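Here is the structure we will look at, set down as structure tokens.
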2 protein chains.
Amino acid sequence: MSSQLKPGTSNACNIIALSLACEVNDVLRDISPRWKMQVLHRIAAGTNQFSSLKVAFPSLSDQILGKRLAELVSDKLIDKNIIEVKAPKRIHYFITDKGLELLKIIDDLHKWGLKWRDLL
Amino acid sequence: MSSQLKPGTSNACNIIALSLACEVNDVLRDISPRWKMQVLHRIAAGTNQFSSLKVAFPSLSDQILGKRLAELVSDKLIDKNIIEVKAPKRIHYFITDKGLELLKIIDDLHKWGLKWRDLL
DNA sequence: GCAATAACTCACCCGAAAGTGAGCCTTTAT
DNA sequence: ATAAAGGCTCACTTTCGGGTGAGTTATTGC
């Protein structure tokens, strides 16, 4: 993922320390940005255009949606087909195998959350 | 989890929108704080005191460790036995069933990360 | 000749999370 | 009488990420 970290800061050092300690942190960082897994889930469900995703998430702004889509693509969780290059552009997004496998685990996480919600 | 959100901000509104859209966001928010799953994993592995956790994670400060432990307890992912009330206090942490089940999923996430790391 | 459409990108702001310095409590050892 | 041990908490500063406003591109319809 594209993270803007000022090198040399204690913050950046700790990120490095975390990664060395355990690779799962990279994964957690990649999946935790707001709306990201939501959008991935939607794309898996067949909502495959920028504009229809906007409709699906009315409180998500264009800018953040664009950012999340770019992240998902660079993470190779989704891929895109360029249908029309000239404006108005048309692009179709679709989930990759990597993304599908991730979604299964996210779904386990979801079930876990429901199971223990308000329990004991 | 204890989150300090100023009500009425667009930020807070979006958190609410996210929660309504899908409960998995709450879970993602709970597991993504830095060091948290790391610490949970360590406790599961038997490192059960504040001071020994400090040794296990040299670049993690007392303050953040304290915060993470408090979060883990309030999430009921760990519990604590108070061995000695008077200073120097002695407290043993241990993982709960809820925490154990979560760790299994985190481990899946870890495996997923390794599998797809540097793969196409 | 103006607006709308689709899919973005840039520059900026602000709140939240991460990190830091210091202090607290009581007992035991020096 | 002072320091260390063990487990924190408070107040403060810095960094990061989410959110917002505006602008871009080229085509089609009014």
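Identifiers for the structure tokens are assigned positionally: chains receive A, B, ... in sequence, residues are indexed from 1 per chain, and ligands are indexed from 1 in the order shown.
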Subject >> Contact set, chain B to chain D: 9 Å, only C-alpha atoms (C1' of nucleotides), as a PyMOL selection string >> reply: chain B and resi 10-11+50-51+62-63+66+87-91
Using every C-alpha atom paired in order, could you least-squares fit chain B onto chain A and give me the moved chain as a compact mmCIF listing (two decimals) with N, CA and C atoms, in the first residue's frame?
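The file below, result.txt, is the result:
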# COMPACT_ATOMS: atom_id res chain seq x y z
N MET B 1 0.98 -1.34 0.01
CA MET B 1 0.18 -0.12 -0.03
C MET B 1 1.07 1.10 -0.01
N SER B 2 0.54 2.19 -0.53
CA SER B 2 1.34 3.40 -0.60
C SER B 2 1.17 4.21 0.68
N SER B 3 2.14 4.13 1.57
CA SER B 3 2.06 4.91 2.79
C SER B 3 3.14 5.99 2.80
N GLN B 4 2.71 7.19 3.19
CA GLN B 4 3.61 8.34 3.19
C GLN B 4 4.15 8.54 4.60
N LEU B 5 5.28 7.97 4.90
CA LEU B 5 5.83 8.11 6.23
C LEU B 5 7.12 8.91 6.19
N LYS B 6 7.19 9.91 7.04
CA LYS B 6 8.40 10.72 7.12
C LYS B 6 9.48 9.85 7.78
N PRO B 7 10.56 9.58 7.06
CA PRO B 7 11.57 8.68 7.62
C PRO B 7 12.27 9.32 8.81
N GLY B 8 12.65 8.46 9.76
CA GLY B 8 13.39 8.96 10.91
C GLY B 8 12.51 9.31 12.10
N THR B 9 11.24 9.52 11.87
CA THR B 9 10.35 9.80 12.99
C THR B 9 10.17 8.53 13.80
N SER B 10 9.84 8.69 15.06
CA SER B 10 9.64 7.52 15.91
C SER B 10 8.48 6.69 15.39
N ASN B 11 7.55 7.39 14.82
CA ASN B 11 6.40 6.74 14.21
C ASN B 11 6.83 5.74 13.14
N ALA B 12 7.64 6.23 12.21
CA ALA B 12 8.13 5.39 11.11
C ALA B 12 8.97 4.24 11.64
N CYS B 13 9.79 4.53 12.63
CA CYS B 13 10.64 3.49 13.21
C CYS B 13 9.80 2.38 13.81
N ASN B 14 8.71 2.74 14.45
CA ASN B 14 7.86 1.74 15.07
C ASN B 14 7.14 0.89 14.04
N ILE B 15 6.78 1.51 12.93
CA ILE B 15 6.16 0.74 11.86
C ILE B 15 7.14 -0.34 11.40
N ILE B 16 8.41 0.05 11.28
CA ILE B 16 9.42 -0.90 10.83
C ILE B 16 9.59 -2.00 11.87
N ALA B 17 9.63 -1.61 13.14
CA ALA B 17 9.75 -2.59 14.22
C ALA B 17 8.59 -3.58 14.19
N LEU B 18 7.42 -3.04 13.95
CA LEU B 18 6.22 -3.87 13.89
C LEU B 18 6.30 -4.87 12.75
N SER B 19 6.73 -4.41 11.59
CA SER B 19 6.81 -5.28 10.42
C SER B 19 7.81 -6.39 10.65
N LEU B 20 8.92 -6.03 11.27
CA LEU B 20 9.94 -7.04 11.53
C LEU B 20 9.41 -8.06 12.51
N ALA B 21 8.66 -7.58 13.51
CA ALA B 21 8.15 -8.48 14.54
C ALA B 21 7.13 -9.46 13.97
N CYS B 22 6.33 -9.00 13.04
CA CYS B 22 5.29 -9.87 12.52
C CYS B 22 4.66 -9.29 11.27
N GLU B 23 4.59 -10.09 10.22
CA GLU B 23 4.10 -9.61 8.94
C GLU B 23 2.61 -9.33 8.94
N VAL B 24 1.91 -9.84 9.92
CA VAL B 24 0.46 -9.67 9.93
C VAL B 24 0.09 -8.19 10.07
N ASN B 25 1.00 -7.40 10.60
CA ASN B 25 0.72 -5.97 10.73
C ASN B 25 0.52 -5.29 9.40
N ASP B 26 1.30 -5.71 8.42
CA ASP B 26 1.13 -5.13 7.09
C ASP B 26 -0.28 -5.42 6.59
N VAL B 27 -0.72 -6.65 6.83
CA VAL B 27 -2.07 -7.03 6.40
C VAL B 27 -3.10 -6.18 7.12
N LEU B 28 -2.96 -6.04 8.43
CA LEU B 28 -3.92 -5.25 9.20
C LEU B 28 -3.96 -3.81 8.71
N ARG B 29 -2.81 -3.27 8.43
CA ARG B 29 -2.75 -1.90 7.92
C ARG B 29 -3.45 -1.79 6.57
N ASP B 30 -3.31 -2.82 5.77
CA ASP B 30 -3.91 -2.78 4.43
C ASP B 30 -5.42 -2.91 4.45
N ILE B 31 -5.95 -3.63 5.42
CA ILE B 31 -7.40 -3.84 5.42
C ILE B 31 -8.18 -2.85 6.27
N SER B 32 -7.47 -2.10 7.11
CA SER B 32 -8.21 -1.27 8.05
C SER B 32 -8.67 0.11 7.54
N PRO B 33 -8.14 0.62 6.43
CA PRO B 33 -8.65 1.93 6.01
C PRO B 33 -10.17 1.91 5.85
N ARG B 34 -10.74 3.02 6.27
CA ARG B 34 -12.20 3.14 6.29
C ARG B 34 -12.79 2.89 4.91
N TRP B 35 -13.87 2.17 4.85
CA TRP B 35 -14.66 1.88 3.64
C TRP B 35 -14.01 0.83 2.74
N LYS B 36 -12.77 0.53 2.96
CA LYS B 36 -12.05 -0.28 1.98
C LYS B 36 -12.64 -1.67 1.80
N MET B 37 -12.85 -2.38 2.90
CA MET B 37 -13.39 -3.74 2.79
C MET B 37 -14.84 -3.71 2.33
N GLN B 38 -15.52 -2.67 2.76
CA GLN B 38 -16.89 -2.41 2.31
C GLN B 38 -16.97 -2.35 0.79
N VAL B 39 -16.09 -1.53 0.22
CA VAL B 39 -16.06 -1.34 -1.22
C VAL B 39 -15.69 -2.66 -1.91
N LEU B 40 -14.71 -3.33 -1.34
CA LEU B 40 -14.29 -4.62 -1.90
C LEU B 40 -15.47 -5.58 -1.95
N HIS B 41 -16.20 -5.63 -0.85
CA HIS B 41 -17.36 -6.50 -0.75
C HIS B 41 -18.39 -6.18 -1.83
N ARG B 42 -18.62 -4.91 -2.02
CA ARG B 42 -19.59 -4.45 -3.01
C ARG B 42 -19.17 -4.83 -4.43
N ILE B 43 -17.90 -4.68 -4.68
CA ILE B 43 -17.39 -5.02 -6.02
C ILE B 43 -17.55 -6.52 -6.24
N ALA B 44 -17.26 -7.29 -5.20
CA ALA B 44 -17.43 -8.74 -5.30
C ALA B 44 -18.88 -9.09 -5.60
N ALA B 45 -19.79 -8.25 -5.05
CA ALA B 45 -21.22 -8.50 -5.25
C ALA B 45 -21.71 -8.00 -6.60
N GLY B 46 -20.80 -7.42 -7.39
CA GLY B 46 -21.18 -7.06 -8.75
C GLY B 46 -21.35 -5.58 -9.04
N THR B 47 -21.21 -4.75 -8.04
CA THR B 47 -21.28 -3.31 -8.30
C THR B 47 -19.92 -2.89 -8.84
N ASN B 48 -19.86 -2.68 -10.16
CA ASN B 48 -18.54 -2.61 -10.77
C ASN B 48 -18.11 -1.28 -11.36
N GLN B 49 -18.88 -0.22 -11.09
CA GLN B 49 -18.46 1.08 -11.61
C GLN B 49 -18.35 2.11 -10.51
N PHE B 50 -17.51 3.07 -10.76
CA PHE B 50 -17.32 4.20 -9.84
C PHE B 50 -18.67 4.82 -9.49
N SER B 51 -19.44 5.12 -10.50
CA SER B 51 -20.70 5.83 -10.27
C SER B 51 -21.71 4.98 -9.50
N SER B 52 -21.75 3.69 -9.75
CA SER B 52 -22.71 2.87 -9.01
C SER B 52 -22.24 2.62 -7.57
N LEU B 53 -20.94 2.63 -7.37
CA LEU B 53 -20.42 2.52 -6.00
C LEU B 53 -20.77 3.78 -5.21
N LYS B 54 -20.72 4.91 -5.90
CA LYS B 54 -21.11 6.17 -5.25
C LYS B 54 -22.56 6.11 -4.76
N VAL B 55 -23.40 5.51 -5.59
CA VAL B 55 -24.80 5.36 -5.21
C VAL B 55 -24.93 4.41 -4.02
N ALA B 56 -24.12 3.36 -4.04
CA ALA B 56 -24.19 2.36 -2.97
C ALA B 56 -23.77 2.94 -1.62
N PHE B 57 -22.84 3.88 -1.66
CA PHE B 57 -22.35 4.49 -0.41
C PHE B 57 -22.53 6.00 -0.47
N PRO B 58 -23.71 6.48 -0.15
CA PRO B 58 -23.99 7.91 -0.33
C PRO B 58 -23.11 8.81 0.53
N SER B 59 -22.69 8.31 1.68
CA SER B 59 -21.90 9.20 2.53
C SER B 59 -20.40 9.09 2.26
N LEU B 60 -20.04 8.34 1.26
CA LEU B 60 -18.63 8.23 0.87
C LEU B 60 -18.35 9.21 -0.27
N SER B 61 -17.35 10.06 -0.09
CA SER B 61 -17.08 11.08 -1.12
C SER B 61 -16.32 10.49 -2.30
N ASP B 62 -16.45 11.16 -3.44
CA ASP B 62 -15.72 10.77 -4.66
C ASP B 62 -14.24 10.56 -4.38
N GLN B 63 -13.71 11.51 -3.61
CA GLN B 63 -12.26 11.52 -3.40
C GLN B 63 -11.78 10.30 -2.64
N ILE B 64 -12.49 9.98 -1.60
CA ILE B 64 -12.10 8.82 -0.81
C ILE B 64 -12.35 7.54 -1.60
N LEU B 65 -13.46 7.51 -2.31
CA LEU B 65 -13.73 6.34 -3.15
C LEU B 65 -12.60 6.12 -4.16
N GLY B 66 -12.20 7.20 -4.81
CA GLY B 66 -11.10 7.11 -5.78
C GLY B 66 -9.84 6.58 -5.14
N LYS B 67 -9.55 7.09 -3.94
CA LYS B 67 -8.35 6.68 -3.22
C LYS B 67 -8.42 5.19 -2.88
N ARG B 68 -9.56 4.76 -2.34
CA ARG B 68 -9.72 3.36 -1.94
C ARG B 68 -9.60 2.43 -3.14
N LEU B 69 -10.21 2.84 -4.27
CA LEU B 69 -10.14 2.01 -5.47
C LEU B 69 -8.68 1.88 -5.92
N ALA B 70 -7.96 3.00 -5.87
CA ALA B 70 -6.55 2.96 -6.27
C ALA B 70 -5.76 2.03 -5.35
N GLU B 71 -6.05 2.09 -4.06
CA GLU B 71 -5.38 1.20 -3.10
C GLU B 71 -5.70 -0.26 -3.39
N LEU B 72 -6.98 -0.53 -3.61
CA LEU B 72 -7.41 -1.91 -3.86
C LEU B 72 -6.73 -2.46 -5.12
N VAL B 73 -6.61 -1.60 -6.13
CA VAL B 73 -5.94 -2.04 -7.36
C VAL B 73 -4.47 -2.30 -7.09
N SER B 74 -3.82 -1.38 -6.36
CA SER B 74 -2.38 -1.56 -6.14
C SER B 74 -2.11 -2.72 -5.19
N ASP B 75 -3.08 -3.05 -4.35
CA ASP B 75 -2.98 -4.24 -3.51
C ASP B 75 -3.30 -5.53 -4.28
N LYS B 76 -3.76 -5.33 -5.51
CA LYS B 76 -4.19 -6.45 -6.38
C LYS B 76 -5.37 -7.23 -5.79
N LEU B 77 -6.19 -6.52 -5.05
CA LEU B 77 -7.41 -7.15 -4.53
C LEU B 77 -8.53 -7.02 -5.56
N ILE B 78 -8.43 -5.99 -6.38
CA ILE B 78 -9.34 -5.84 -7.52
C ILE B 78 -8.51 -5.53 -8.76
N ASP B 79 -9.14 -5.66 -9.91
CA ASP B 79 -8.51 -5.28 -11.16
C ASP B 79 -9.53 -4.49 -11.95
N LYS B 80 -9.10 -3.84 -13.04
CA LYS B 80 -10.09 -3.07 -13.80
C LYS B 80 -9.98 -3.27 -15.30
N ASN B 81 -11.13 -3.25 -15.91
CA ASN B 81 -11.23 -3.27 -17.37
C ASN B 81 -11.58 -1.88 -17.84
N ILE B 82 -10.78 -1.37 -18.74
CA ILE B 82 -11.10 -0.05 -19.29
C ILE B 82 -11.99 -0.26 -20.51
N ILE B 83 -13.26 0.13 -20.38
CA ILE B 83 -14.23 -0.08 -21.43
C ILE B 83 -14.15 1.06 -22.45
N GLU B 84 -13.99 2.26 -21.93
CA GLU B 84 -13.93 3.43 -22.81
C GLU B 84 -12.87 4.38 -22.29
N VAL B 85 -11.88 4.68 -23.13
CA VAL B 85 -10.76 5.51 -22.69
C VAL B 85 -11.16 6.99 -22.67
N LYS B 86 -11.84 7.42 -23.74
CA LYS B 86 -12.20 8.83 -23.85
C LYS B 86 -13.35 9.18 -22.91
N ALA B 87 -13.38 10.45 -22.52
CA ALA B 87 -14.43 10.91 -21.62
C ALA B 87 -15.77 10.88 -22.32
N PRO B 88 -16.85 10.54 -21.62
CA PRO B 88 -16.84 10.02 -20.26
C PRO B 88 -16.27 8.61 -20.20
N LYS B 89 -15.20 8.48 -19.42
CA LYS B 89 -14.54 7.18 -19.26
C LYS B 89 -15.54 6.15 -18.76
N ARG B 90 -15.24 4.89 -19.07
CA ARG B 90 -16.02 3.80 -18.49
C ARG B 90 -15.07 2.70 -18.06
N ILE B 91 -15.16 2.37 -16.81
CA ILE B 91 -14.25 1.37 -16.27
C ILE B 91 -15.04 0.37 -15.44
N HIS B 92 -14.73 -0.90 -15.63
CA HIS B 92 -15.36 -1.94 -14.82
C HIS B 92 -14.34 -2.53 -13.87
N TYR B 93 -14.71 -2.58 -12.62
CA TYR B 93 -13.85 -3.20 -11.61
C TYR B 93 -14.31 -4.62 -11.35
N PHE B 94 -13.38 -5.48 -11.03
CA PHE B 94 -13.75 -6.83 -10.64
C PHE B 94 -12.75 -7.36 -9.62
N ILE B 95 -13.23 -8.26 -8.78
CA ILE B 95 -12.40 -8.78 -7.71
C ILE B 95 -11.44 -9.84 -8.23
N THR B 96 -10.26 -9.91 -7.62
CA THR B 96 -9.27 -10.92 -8.01
C THR B 96 -9.39 -12.14 -7.08
N ASP B 97 -8.66 -13.19 -7.38
CA ASP B 97 -8.65 -14.37 -6.52
C ASP B 97 -8.14 -14.01 -5.13
N LYS B 98 -7.10 -13.19 -5.14
CA LYS B 98 -6.53 -12.74 -3.86
C LYS B 98 -7.59 -12.01 -3.03
N GLY B 99 -8.34 -11.16 -3.71
CA GLY B 99 -9.40 -10.42 -3.03
C GLY B 99 -10.49 -11.33 -2.51
N LEU B 100 -10.85 -12.32 -3.30
CA LEU B 100 -11.90 -13.26 -2.90
C LEU B 100 -11.50 -14.02 -1.64
N GLU B 101 -10.25 -14.47 -1.61
CA GLU B 101 -9.78 -15.21 -0.44
C GLU B 101 -9.78 -14.31 0.79
N LEU B 102 -9.41 -13.05 0.59
CA LEU B 102 -9.42 -12.12 1.71
C LEU B 102 -10.85 -11.93 2.23
N LEU B 103 -11.78 -11.77 1.31
CA LEU B 103 -13.16 -11.54 1.71
C LEU B 103 -13.71 -12.67 2.57
N LYS B 104 -13.27 -13.89 2.25
CA LYS B 104 -13.71 -15.04 3.07
C LYS B 104 -13.28 -14.85 4.51
N ILE B 105 -12.05 -14.39 4.69
CA ILE B 105 -11.54 -14.20 6.05
C ILE B 105 -12.26 -13.03 6.72
N ILE B 106 -12.50 -11.99 5.96
CA ILE B 106 -13.24 -10.83 6.49
C ILE B 106 -14.63 -11.29 6.94
N ASP B 107 -15.18 -12.21 6.19
CA ASP B 107 -16.50 -12.73 6.55
C ASP B 107 -16.44 -13.51 7.87
N ASP B 108 -15.35 -14.26 8.05
CA ASP B 108 -15.16 -14.96 9.34
C ASP B 108 -15.11 -13.96 10.48
N LEU B 109 -14.40 -12.87 10.21
CA LEU B 109 -14.27 -11.80 11.20
C LEU B 109 -15.64 -11.23 11.53
N HIS B 110 -16.43 -11.06 10.50
CA HIS B 110 -17.78 -10.55 10.66
C HIS B 110 -18.61 -11.48 11.54
N LYS B 111 -18.54 -12.76 11.22
CA LYS B 111 -19.29 -13.77 11.98
C LYS B 111 -18.83 -13.78 13.43
N TRP B 112 -17.53 -13.70 13.61
CA TRP B 112 -16.97 -13.67 14.97
C TRP B 112 -17.56 -12.48 15.73
N GLY B 113 -17.59 -11.33 15.06
CA GLY B 113 -18.13 -10.13 15.69
C GLY B 113 -19.59 -10.31 16.11
N LEU B 114 -20.38 -10.92 15.24
CA LEU B 114 -21.79 -11.13 15.55
C LEU B 114 -21.95 -12.11 16.70
N LYS B 115 -21.15 -13.16 16.66
CA LYS B 115 -21.25 -14.20 17.68
C LYS B 115 -21.02 -13.65 19.08
N TRP B 116 -20.04 -12.80 19.21
CA TRP B 116 -19.65 -12.33 20.55
C TRP B 116 -20.28 -10.99 20.91
N ARG B 117 -21.04 -10.44 19.98
CA ARG B 117 -21.69 -9.16 20.24
C ARG B 117 -22.68 -9.28 21.38
N ASP B 118 -22.53 -8.47 22.39
CA ASP B 118 -23.44 -8.48 23.54
C ASP B 118 -23.56 -9.86 24.17
N LEU B 119 -22.49 -10.62 24.13
CA LEU B 119 -22.49 -11.93 24.75
C LEU B 119 -21.48 -11.89 25.88
N LEU B 120 -21.96 -11.99 27.08
CA LEU B 120 -21.12 -11.90 28.28
C LEU B 120 -20.04 -10.83 28.15
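Candidate residues C:DA29, C:DA11, C:DA6, C:DA16 were compared for distance to chain A, and the nearest is C:DA6, using only C-alpha atoms (C1' of nucleotides).
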In segment 37-110 of chain A, DSSP helix (DSSP H, G or I) residues written as a PDB file with C-alpha atoms, in the first residue's frame:
ATOM      1  CA  MET A  37     -13.396  -3.760   2.774  1.00  0.00           C
ATOM      2  CA  GLN A  38     -16.901  -2.436   2.278  1.00  0.00           C
ATOM      3  CA  VAL A  39     -16.063  -1.369  -1.253  1.00  0.00           C
ATOM      4  CA  LEU A  40     -14.299  -4.648  -1.921  1.00  0.00           C
ATOM      5  CA  HIS A  41     -17.368  -6.529  -0.769  1.00  0.00           C
ATOM      6  CA  ARG A  42     -19.596  -4.470  -3.035  1.00  0.00           C
ATOM      7  CA  ILE A  43     -17.384  -5.047  -6.034  1.00  0.00           C
ATOM      8  CA  ALA A  44     -17.430  -8.768  -5.323  1.00  0.00           C
ATOM      9  CA  PHE A  50     -17.298   4.195  -9.842  1.00  0.00           C
ATOM     10  CA  SER A  51     -20.683   5.832 -10.245  1.00  0.00           C
ATOM     11  CA  SER A  52     -22.698   2.853  -9.002  1.00  0.00           C
ATOM     12  CA  LEU A  53     -20.393   2.508  -6.018  1.00  0.00           C
ATOM     13  CA  LYS A  54     -21.102   6.159  -5.238  1.00  0.00           C
ATOM     14  CA  VAL A  55     -24.787   5.369  -5.219  1.00  0.00           C
ATOM     15  CA  ALA A  56     -24.184   2.359  -3.002  1.00  0.00           C
ATOM     16  CA  ASP A  62     -15.675  10.760  -4.653  1.00  0.00           C
ATOM     17  CA  GLN A  63     -12.209  11.507  -3.400  1.00  0.00           C
ATOM     18  CA  ILE A  64     -12.076   8.780  -0.815  1.00  0.00           C
ATOM     19  CA  LEU A  65     -13.708   6.299  -3.166  1.00  0.00           C
ATOM     20  CA  GLY A  66     -11.071   7.077  -5.777  1.00  0.00           C
ATOM     21  CA  LYS A  67      -8.341   6.641  -3.214  1.00  0.00           C
ATOM     22  CA  ARG A  68      -9.722   3.328  -1.966  1.00  0.00           C
ATOM     23  CA  LEU A  69     -10.116   1.978  -5.485  1.00  0.00           C
ATOM     24  CA  ALA A  70      -6.525   2.909  -6.276  1.00  0.00           C
ATOM     25  CA  GLU A  71      -5.364   1.159  -3.107  1.00  0.00           C
ATOM     26  CA  LEU A  72      -7.395  -1.940  -3.882  1.00  0.00           C
ATOM     27  CA  VAL A  73      -5.926  -2.073  -7.363  1.00  0.00           C
ATOM     28  CA  SER A  74      -2.359  -1.594  -6.151  1.00  0.00           C
ATOM     29  CA  ASP A  97      -8.643 -14.397  -6.519  1.00  0.00           C
ATOM     30  CA  LYS A  98      -6.524 -12.765  -3.862  1.00  0.00           C
ATOM     31  CA  GLY A  99      -9.399 -10.449  -3.032  1.00  0.00           C
ATOM     32  CA  LEU A 100     -11.886 -13.288  -2.895  1.00  0.00           C
ATOM     33  CA  GLU A 101      -9.781 -15.220  -0.447  1.00  0.00           C
ATOM     34  CA  LEU A 102      -9.412 -12.140   1.707  1.00  0.00           C
ATOM     35  CA  LEU A 103     -13.155 -11.560   1.702  1.00  0.00           C
ATOM     36  CA  LYS A 104     -13.700 -15.050   3.073  1.00  0.00           C
ATOM     37  CA  ILE A 105     -11.533 -14.209   6.053  1.00  0.00           C
ATOM     38  CA  ILE A 106     -13.235 -10.841   6.479  1.00  0.00           C
ATOM     39  CA  ASP A 107     -16.482 -12.736   6.543  1.00  0.00           C
ATOM     40  CA  ASP A 108     -15.146 -14.951   9.352  1.00  0.00           C
ATOM     41  CA  LEU A 109     -14.251 -11.778  11.201  1.00  0.00           C
ATOM     42  CA  HIS A 110     -17.767 -10.526  10.665  1.00  0.00           C
TER      43      HIS A 110
END
**OP:** Could the residues of chain C within 12 Å of chain B, counting only C-alpha atoms (C1' of nucleotides), be given as a PyMOL selection string, please?
**Re:** chain C and resi 14-22+24-28
**OP:** Name the residues of segment 52-111 of chain B that come out as strand (DSSP E) in a backbone DSSP run; write them as an NGL selection string.
**Re:** :B and (78-84 or 90-95)
